[in-house]
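Okay, input-v6.txt now, which holds compact mmCIF, C-alpha atoms:
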```txt
# COMPACT_ATOMS: atom_id res chain seq x y z
CA MET A 1 17.11 41.49 101.68
CA GLU A 2 13.74 39.86 101.11
CA LEU A 3 13.80 37.53 98.07
CA PHE A 4 11.44 39.56 95.89
CA ASP A 5 13.35 42.76 96.71
CA VAL A 6 16.59 41.07 95.63
CA ILE A 7 15.00 39.93 92.37
CA ALA A 8 13.72 43.46 91.67
CA ALA A 9 17.08 45.04 92.61
CA ARG A 10 19.24 42.77 90.43
CA HIS A 11 20.54 44.58 87.34
CA SER A 12 23.49 44.14 85.02
CA TYR A 13 26.18 46.58 86.07
CA ARG A 14 28.62 47.88 83.47
CA GLY A 15 30.50 50.50 85.43
CA ALA A 16 33.50 51.04 87.65
CA TYR A 17 33.92 49.21 90.93
CA LEU A 18 35.16 50.54 94.24
CA PRO A 19 38.70 49.38 95.07
CA GLU A 20 37.49 47.25 98.00
CA PRO A 21 38.42 43.57 98.01
CA VAL A 22 35.56 41.08 98.11
CA PRO A 23 36.05 38.91 101.21
CA HIS A 24 36.82 35.28 100.44
CA SER A 25 33.85 34.30 102.63
CA ASP A 26 31.47 36.36 100.46
CA LEU A 27 32.82 34.78 97.28
CA GLN A 28 32.30 31.38 98.84
CA ARG A 29 28.70 32.22 99.78
CA ILE A 30 28.03 33.44 96.23
CA MET A 31 29.52 30.28 94.74
CA GLU A 32 27.59 28.08 97.17
CA ALA A 33 24.40 29.78 95.98
CA GLY A 34 25.38 28.97 92.40
CA LEU A 35 26.08 25.33 93.16
CA ALA A 36 22.74 25.04 95.00
CA ALA A 37 20.91 25.66 91.70
CA PRO A 38 18.88 22.87 90.10
CA SER A 39 20.79 20.51 87.83
CA GLY A 40 19.20 18.38 85.11
CA CYS A 41 19.17 14.73 86.25
CA ASN A 42 21.49 15.91 89.05
CA LYS A 43 24.53 15.67 86.72
CA GLN A 44 26.02 18.83 88.31
CA THR A 45 27.75 19.99 85.14
CA THR A 46 28.58 23.50 86.43
CA LEU A 47 31.95 24.29 88.02
CA LEU A 48 33.19 27.59 89.41
CA THR A 49 36.56 29.29 89.82
CA ALA A 50 36.87 32.43 91.94
CA VAL A 51 39.62 34.79 90.83
CA GLU A 52 40.88 37.10 93.59
CA THR A 53 44.41 37.79 92.36
CA PRO A 54 44.63 41.26 90.75
CA GLU A 55 47.26 40.11 88.23
CA LEU A 56 45.03 37.25 87.03
CA ILE A 57 42.01 39.53 86.85
CA ASP A 58 44.01 41.98 84.71
CA LYS A 59 45.12 39.17 82.38
CA ILE A 60 41.54 37.97 81.96
CA PHE A 61 40.37 41.48 81.07
CA GLU A 62 43.26 41.79 78.60
CA ILE A 63 41.95 38.68 76.86
CA MET A 64 38.34 39.92 76.93
CA GLU A 65 39.13 43.53 75.93
CA LEU A 66 35.99 44.82 77.64
CA PRO A 67 35.57 48.57 78.15
CA PHE A 68 33.54 47.95 81.30
CA CYS A 69 33.95 46.00 84.54
CA GLN A 70 37.75 46.17 84.40
CA THR A 71 38.03 47.52 87.92
CA ALA A 72 36.22 44.57 89.50
CA PRO A 73 38.17 43.33 92.52
CA ALA A 74 37.03 39.72 91.97
CA LEU A 75 35.68 37.48 89.23
CA ILE A 76 33.90 34.17 89.09
CA CYS A 77 34.59 32.04 86.04
CA VAL A 78 31.77 29.62 85.26
CA THR A 79 32.74 26.44 83.46
CA THR A 80 30.72 23.48 82.32
CA LYS A 81 31.23 19.83 81.48
CA ARG A 82 29.17 18.10 78.84
CA ILE A 83 27.78 15.15 80.75
CA ILE A 84 25.15 13.00 79.08
CA ALA A 85 22.06 12.77 81.27
CA TYR A 86 20.40 10.05 79.19
CA LYS A 87 19.65 8.87 75.66
CA ASP A 88 16.13 9.46 74.41
CA GLY A 89 13.96 6.91 72.58
CA TRP A 90 15.75 7.69 69.29
CA GLY A 91 19.23 7.25 70.78
CA ARG A 92 19.99 11.00 70.93
CA GLU A 93 22.19 12.07 73.81
CA ARG A 94 20.67 14.63 76.15
CA SER A 95 22.70 16.99 78.32
CA TYR A 96 21.40 19.82 80.47
CA GLN A 97 24.66 21.72 80.84
CA VAL A 98 23.30 25.01 79.45
CA GLN A 99 20.28 24.94 81.73
CA ASP A 100 22.52 23.97 84.66
CA TYR A 101 24.99 26.82 84.29
CA ALA A 102 22.24 29.34 83.51
CA ALA A 103 20.46 28.44 86.76
CA ALA A 104 23.75 28.63 88.68
CA ILE A 105 24.56 32.04 87.21
CA GLU A 106 21.16 33.46 88.11
CA ASN A 107 21.48 32.16 91.68
CA MET A 108 24.90 33.82 91.93
CA LEU A 109 23.62 37.10 90.50
CA LEU A 110 20.89 37.13 93.14
CA ALA A 111 23.39 36.31 95.90
CA ILE A 112 25.71 39.06 94.62
CA THR A 113 22.83 41.54 94.81
CA ALA A 114 21.72 40.34 98.27
CA LEU A 115 25.25 40.92 99.59
CA GLY A 116 25.35 44.48 98.22
CA TYR A 117 27.66 43.82 95.28
CA ALA A 118 27.13 44.33 91.56
CA SER A 119 27.87 42.15 88.53
CA CYS A 120 27.10 41.47 84.90
CA TRP A 121 26.57 38.14 83.13
CA ILE A 122 29.38 38.14 80.54
CA GLU A 123 29.02 35.18 78.21
CA GLY A 124 28.95 36.20 74.56
CA HIS A 125 32.31 37.95 74.80
CA ILE A 126 34.06 34.75 75.75
CA THR A 127 32.11 32.09 73.83
CA ASP A 128 32.28 33.74 70.40
CA ALA A 129 34.40 32.45 67.53
CA ASP A 130 37.58 34.16 68.79
CA GLU A 131 37.83 31.43 71.47
CA GLN A 132 38.53 33.68 74.45
CA ASP A 133 37.08 30.86 76.55
CA LYS A 134 40.07 28.67 75.71
CA GLN A 135 42.55 31.42 76.57
CA ILE A 136 40.83 32.10 79.89
CA ALA A 137 40.65 28.38 80.68
CA ALA A 138 44.38 28.00 79.99
CA LEU A 139 45.20 31.01 82.16
CA LEU A 140 43.14 29.62 85.06
CA GLU A 141 44.39 26.05 84.53
CA ILE A 142 40.86 24.78 83.96
CA PRO A 143 40.81 21.04 83.10
CA ALA A 144 40.52 20.22 79.40
CA ASP A 145 37.11 18.57 79.80
CA GLU A 146 35.55 21.85 81.00
CA ARG A 147 34.56 24.87 78.91
CA ALA A 148 34.57 28.43 80.24
CA VAL A 149 31.16 29.93 79.49
CA CYS A 150 30.78 33.00 81.69
CA ILE A 151 32.66 35.59 83.69
CA LEU A 152 30.93 37.36 86.57
CA PRO A 153 32.79 40.45 87.82
CA VAL A 154 32.06 41.02 91.52
CA GLY A 155 32.49 44.17 93.56
CA ARG A 156 30.84 47.20 95.08
CA PRO A 157 29.57 49.54 92.36
CA ALA A 158 31.26 52.95 92.19
CA ASP A 159 28.34 54.43 90.27
CA ALA A 160 24.57 54.33 90.62
CA MET A 161 22.86 51.18 89.44
CA ASN A 162 20.55 52.12 86.59
CA ALA A 163 17.84 49.64 85.78
CA VAL A 164 16.84 49.16 82.18
CA LYS A 165 13.21 49.74 81.36
CA LYS A 166 11.29 46.49 81.29
CA GLN A 167 8.14 45.93 79.30
CA PRO A 168 5.03 45.89 81.44
CA PHE A 169 4.00 42.61 83.03
CA SER A 170 0.87 42.47 80.86
CA ALA A 171 2.99 42.54 77.67
CA ARG A 172 4.98 39.48 78.64
CA ALA A 173 2.80 37.35 80.91
CA ARG A 174 -0.53 35.64 80.40
CA PHE A 175 -3.18 33.92 82.46
CA ARG A 176 -5.49 31.42 80.81
```

Could I get this file's structure written as structure tokens?
Amino acid sequence: MELFDVIAARHSYRGAYLPEPVPHSDLQRIMEAGLAAPSGCNKQTTLLTAVETPELIDKIFEIMELPFCQTAPALICVTTKRIIAYKDGWGRERSYQVQDYAAAIENMLLAITALGYASCWIEGHITDADEQDKQIAALLEIPADERAVCILPVGRPADAMNAVKKQPFSARARFR
């Protein structure tokens, strides 16, 4: 797909997935796209774990208790490390981990779309006060210095992809 077509086609998918496995090579390409994202001061705070084992996927969805995406044949768990990029003039520590993982996630969502798969950025469900992130990290044996921040289900959509209505360009963009 042409880049601008991929951007226009990308939508959050909250439906059933076809029972087709996602080839390991496609998951690797998606993750490579994520890791190619910009990283503040090149600290590379974003780490990725592909989950292909159906039993592990089921356990993750049991933790998350989501009514959607539970038939995804693969998941990508996004984790982050808090690495200090620098201290500013007032001695405050600066880290770009949120910007880093957000850029990586968007790159992966675009790669997922370009390869004909569907996904949804699932973050709030796992980073809320109920600490699902810690349960998922323990299940996936994520090192203690990393925090799980996002789950991306990956698979071929079983249903039509319905785009949400966006506000017109003129309502959200300006030229001066």

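For Glu123 (chain A), the non-local neighbours within 12 Å, defined as residues at least 5 positions apart in the same chain or in other chains and counting only C-alpha atoms, are Met64, Leu66, Ile76, Cys77, Val78, Thr79, Val98, Tyr101, Ala102, Ile105, Asp128, Glu131, Gln132, Asp133, Arg147, Ala148, Val149, Cys150, Ile151, Leu152 and Pro153 of chain A.
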
- Find the residues near region 85-89 of chain A: any atom within 8 Å, counting all atoms listed in the file, skip ones fewer than 3 places away on the same chain, and give them as a list in words. Gly40, Cys41, Lys43, Arg92, Glu93, Arg94, Ser95 and Tyr96 of chain A

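Distance-wise, CA of Arg10 (chain A) and CA of Ile63 (chain A) end up 26.8 Å apart.
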
- Please return, as a PyMOL selection string, all polymer residues that have at least one atom within 12 Å of the point (33.1, 34.8, 97.6); use all atoms listed in the file and the file's own coordinate frame. chain A and resi 21-34+48-52+73-77+108+111-112+115+117+152-155

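Counting all atoms listed in the file and comparing A:Gly116, A:Pro54, A:Gly124, A:Gly91, the residue that lies closest to Ala72 (chain A) is A:Pro54.
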
- Between A:Thr80, A:Thr71, A:Met1, A:Ser12, which one has atoms that come closest to Ile142 (chain A), using only C-alpha atoms? A:Thr80

- Query: Residues around (21.2, 53.5, 89.8), cut-off 12 Å, counting all atoms listed in the file - what are they as an MDAnalysis selection string?
  - Reply: chainID A and resid 9:15 118 157:164

May I have the residues from that selection written out with C-alpha atoms, as a tab-separated table (two decimals), in the frame of the given file?
```
chain	number	residue	atom	x	y	z
A	9	ALA	CA	17.08	45.04	92.61
A	10	ARG	CA	19.24	42.77	90.43
A	11	HIS	CA	20.54	44.58	87.34
A	12	SER	CA	23.49	44.14	85.02
A	13	TYR	CA	26.18	46.58	86.07
A	14	ARG	CA	28.62	47.88	83.47
A	15	GLY	CA	30.50	50.50	85.43
A	118	ALA	CA	27.13	44.33	91.56
A	157	PRO	CA	29.57	49.54	92.36
A	158	ALA	CA	31.26	52.95	92.19
A	159	ASP	CA	28.34	54.43	90.27
A	160	ALA	CA	24.57	54.33	90.62
A	161	MET	CA	22.86	51.18	89.44
A	162	ASN	CA	20.55	52.12	86.59
A	163	ALA	CA	17.84	49.64	85.78
A	164	VAL	CA	16.84	49.16	82.18
```

- Task: Between CA of Ile7 (chain A) and CA of Leu110 (chain A), measure the distance and give it in Å to one decimal.
- Result: 6.6 Å

- Note on the structure: Using only C-alpha atoms, the shortest atom-to-atom distance to Ala16 (chain A) among A:Gln70, A:Gln97, A:Thr127, A:Ser170 belongs to A:Gln70

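Compared by their closest atoms to Asp5 (chain A), and using only C-alpha atoms, the residues A:Leu47, A:Ile57, A:Ala114, A:Ala171 rank with A:Ala114 nearest.
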
- re CA of Tyr17 (chain A) and CA of Glu141 (chain A): distance 26.2 Å

Please list as a PDB file with C-alpha atoms, keeping the file's coordinate frame every residue within 8 Å of Ala37 (chain A), counting only C-alpha atoms and excluding residues in the same chain fewer than 4 positions away.
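And here's around.pdb as it stands now:
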```
ATOM      1  CA  ALA A  33      24.400  29.780  95.980  1.00  0.00           C
ATOM      2  CA  ASP A 100      22.520  23.970  84.660  1.00  0.00           C
ATOM      3  CA  ALA A 103      20.460  28.440  86.760  1.00  0.00           C
ATOM      4  CA  ALA A 104      23.750  28.630  88.680  1.00  0.00           C
ATOM      5  CA  ASN A 107      21.480  32.160  91.680  1.00  0.00           C
TER       6      ASN A 107
END
```
